[in-house]
file start39.txt (compact mmCIF, C-alpha atoms)
# COMPACT_ATOMS: atom_id res chain seq x y z
CA MET A 2 60.19 -46.05 6.52
CA LEU A 3 60.05 -43.08 8.90
CA VAL A 4 59.51 -40.70 5.98
CA ASN A 5 56.56 -42.75 4.68
CA VAL A 6 54.80 -42.63 8.08
CA PHE A 7 55.28 -38.87 8.20
CA ASP A 8 53.94 -38.47 4.63
CA MET A 9 50.94 -40.67 5.44
CA LYS A 10 50.08 -38.57 8.52
CA LYS A 11 50.48 -35.40 6.49
CA GLN A 12 48.14 -36.70 3.76
CA LEU A 13 45.63 -37.85 6.36
CA LEU A 14 45.61 -34.42 8.05
CA LEU A 15 45.24 -32.74 4.65
CA LYS A 16 42.23 -34.93 3.77
CA PHE A 17 40.68 -34.37 7.20
CA GLY A 18 41.12 -30.60 6.79
CA MET A 19 39.45 -30.67 3.39
CA ILE A 20 36.51 -32.64 4.76
CA ILE A 21 36.05 -30.22 7.67
CA THR A 22 36.21 -27.27 5.27
CA LEU A 23 33.55 -28.82 3.02
CA VAL A 24 31.29 -29.52 6.01
CA PHE A 25 31.53 -25.90 7.17
CA LEU A 26 30.87 -24.60 3.66
CA PHE A 27 27.83 -26.86 3.33
CA MET A 28 26.48 -25.70 6.69
CA ARG A 29 27.05 -22.07 5.76
CA PHE A 30 25.12 -22.29 2.50
CA SER A 31 22.36 -24.56 3.83
CA TYR A 32 21.20 -22.01 6.39
CA SER A 33 18.26 -19.85 5.46
CA LYS A 34 18.07 -16.09 5.36
CA PRO A 35 15.71 -14.37 7.85
CA ASP A 36 13.36 -13.05 5.12
CA ALA A 37 13.32 -16.24 3.02
CA ILE A 38 9.77 -17.15 4.09
CA MET A 39 8.27 -13.79 3.08
CA GLY A 40 5.63 -14.04 0.39
CA LYS A 41 2.43 -15.87 -0.45
CA TRP A 42 1.92 -19.58 0.25
CA GLN A 43 -0.81 -22.10 -0.56
CA SER A 44 -1.69 -25.10 1.59
CA SER A 45 -1.19 -28.61 0.24
CA ASP A 46 -4.98 -29.06 0.34
CA ASN A 47 -5.37 -25.98 -1.92
CA ASP A 48 -7.98 -24.66 0.48
CA ARG A 49 -6.15 -21.72 2.05
CA ARG A 50 -3.52 -19.13 1.18
CA ILE A 51 -1.46 -17.08 3.58
CA GLU A 52 0.93 -14.20 3.20
CA VAL A 53 4.00 -13.91 5.40
CA TYR A 54 4.94 -10.26 5.77
CA LYS A 55 6.93 -7.84 7.91
CA GLU A 56 5.33 -4.99 9.81
CA ASN A 57 7.15 -2.78 12.33
CA GLN A 58 10.15 -5.13 12.37
CA GLN A 59 7.94 -8.13 13.26
CA ASP A 60 6.89 -11.01 11.02
CA PHE A 61 3.29 -12.19 10.68
CA ALA A 62 1.20 -14.46 8.46
CA LYS A 63 -2.37 -13.63 7.54
CA ILE A 64 -5.04 -15.42 5.54
CA ILE A 65 -5.39 -13.88 2.07
CA TRP A 66 -7.80 -16.46 0.58
CA GLN A 67 -9.66 -19.57 1.68
CA GLN A 68 -12.48 -21.77 0.52
CA PRO A 69 -15.80 -20.36 1.72
CA ASP A 70 -17.43 -21.82 4.85
CA LYS A 71 -14.58 -24.24 5.50
CA PHE A 72 -12.79 -22.49 8.36
CA ARG A 73 -13.69 -20.52 11.44
CA ALA A 74 -11.09 -17.90 10.53
CA ASN A 75 -11.67 -15.04 8.13
CA VAL A 76 -9.66 -13.59 5.28
CA GLY A 77 -7.40 -10.97 6.84
CA ASP A 78 -7.00 -12.79 10.16
CA ILE A 79 -3.45 -13.06 11.44
CA VAL A 80 -2.86 -16.78 11.98
CA ILE A 81 0.88 -16.80 12.74
CA ARG A 82 2.50 -14.16 14.93
CA GLU A 83 5.69 -13.58 16.90
CA ILE A 84 7.70 -15.20 14.10
CA GLU A 85 11.40 -15.20 14.97
CA PHE A 86 14.28 -16.48 12.90
CA GLN A 87 16.17 -19.22 14.78
CA ASN A 88 18.69 -20.21 12.10
CA PRO A 89 17.98 -22.46 10.19
CA HIS A 90 14.22 -22.32 11.02
CA TRP A 91 11.61 -19.92 12.38
CA GLU A 92 9.49 -20.12 15.53
CA GLY A 93 6.23 -18.43 16.37
CA LYS A 94 2.67 -18.82 17.59
CA ILE A 95 -0.02 -20.18 15.28
CA TRP A 96 -3.75 -19.83 15.80
CA VAL A 97 -5.69 -22.97 14.85
CA PRO A 98 -9.27 -21.73 14.38
CA GLU A 99 -10.79 -25.22 14.07
CA ILE A 100 -10.06 -25.88 17.74
CA LYS A 101 -9.73 -22.25 18.88
CA SER A 102 -6.26 -22.70 20.31
CA ASP A 103 -2.72 -21.37 19.99
CA PHE A 104 0.04 -23.78 19.00
CA THR A 105 3.79 -23.38 18.94
CA ALA A 106 4.89 -23.13 15.33
CA ASN A 107 8.18 -24.34 13.91
CA ILE A 108 8.60 -23.26 10.32
CA PHE A 109 11.13 -24.88 7.97
CA LEU A 110 12.03 -23.80 4.46
CA GLN A 111 12.28 -27.15 2.65
CA SER A 112 13.22 -25.45 -0.62
CA GLN A 113 12.67 -22.04 -2.18
CA ASN A 114 9.12 -23.09 -3.01
CA GLU A 115 8.18 -25.34 -0.09
CA LEU A 116 7.44 -24.38 3.51
CA LYS A 117 6.79 -26.92 6.26
CA ILE A 118 4.87 -25.70 9.30
CA GLU A 119 4.78 -27.89 12.42
CA ALA A 120 2.16 -26.82 14.96
CA THR A 121 2.49 -28.33 18.44
CA ASN A 122 0.33 -27.98 21.56
CA GLY A 123 1.07 -30.55 24.22
CA PHE A 124 0.69 -33.99 22.66
CA ILE A 125 -1.10 -32.64 19.59
CA LYS A 126 1.04 -32.04 16.51
CA LYS A 127 -0.08 -30.99 13.04
CA VAL A 128 2.23 -30.70 10.05
CA LYS A 129 1.34 -28.88 6.84
CA VAL A 130 3.40 -28.26 3.74
CA TRP A 131 2.80 -25.03 1.85
CA THR A 132 3.83 -24.14 -1.70
CA LYS A 133 5.00 -20.69 -2.75
CA ILE A 134 2.68 -18.82 -5.12
CA LYS A 135 3.13 -15.61 -7.08
call {"tool": "encode", "arguments": {"input": "start39.txt", "output": "structure tokens"}}
result
Amino acid sequence: MLVNVFDMKKQLLLKFGMIITLVFLFMRFSYSKPDAIMGKWQSSDNDRRIEVYKENQQDFAKIIWQQPDKFRANVGDIVIREIEFQNPHWEGKIWVPEIKSDFTANIFLQSQNELKIEATNGFIKKVKVWTKIK
């Protein structure tokens, strides 16, 4: 009887160790890489495209195309700046031209082809999903 209790504890510890190992492996591979958001993205409304790029070791996003006369921003304007990788997401400042105000931006890579940007300023919060384009 004593041997069975010891074997049961040993098996339980082995299973627990395997679960912990799998959790750590999942966490390791679920984290994003700092440059994973680089590239061109299109808004879910298909009315604006941005490019996230690196310049002088800093990350920015600028408008590369938009529907005419729809926004107060212009093509070429930097709309997201001070982008910093805070594993597993990015943080920065986003300019919202419609209300002429800066928001705090939290950027999440939902998948290789989907970017979620949450813009927050006080009680105001806007969420947009962007799709990667070539």
call {"tool": "atom_distance", "arguments": {"input": "start39.txt", "atom1": "CA of Lys101 (chain A)", "atom2": "CA of Glu52 (chain A)"}}
result
20.6 Å
call {"tool": "closest_residue", "arguments": {"input": "start39.txt", "among": "A:Asn5, A:Gln67, A:Gln87, A:Ser44", "to": "Thr132 (chain A)", "atoms": "only C-alpha atoms"}}
result
A:Ser44
call {"tool": "atom_distance", "arguments": {"input": "start39.txt", "atom1": "CA of Ile134 (chain A)", "atom2": "CA of Met39 (chain A)"}}
result
11.1 Å
call {"tool": "closest_residue", "arguments": {"input": "start39.txt", "among": "A:Asp48, A:Glu83, A:Asn107, A:Trp91", "to": "Pro69 (chain A)", "atoms": "only C-alpha atoms"}}
result
A:Asp48
call {"tool": "atom_distance", "arguments": {"input": "start39.txt", "atom1": "CA of Ser45 (chain A)", "atom2": "CA of Ile95 (chain A)"}}
result
17.3 Å
call {"tool": "closest_residue", "arguments": {"input": "start39.txt", "among": "A:Glu119, A:Asp8, A:Asp103, A:Asp60", "to": "Gly40 (chain A)", "atoms": "only C-alpha atoms"}}
result
A:Asp60
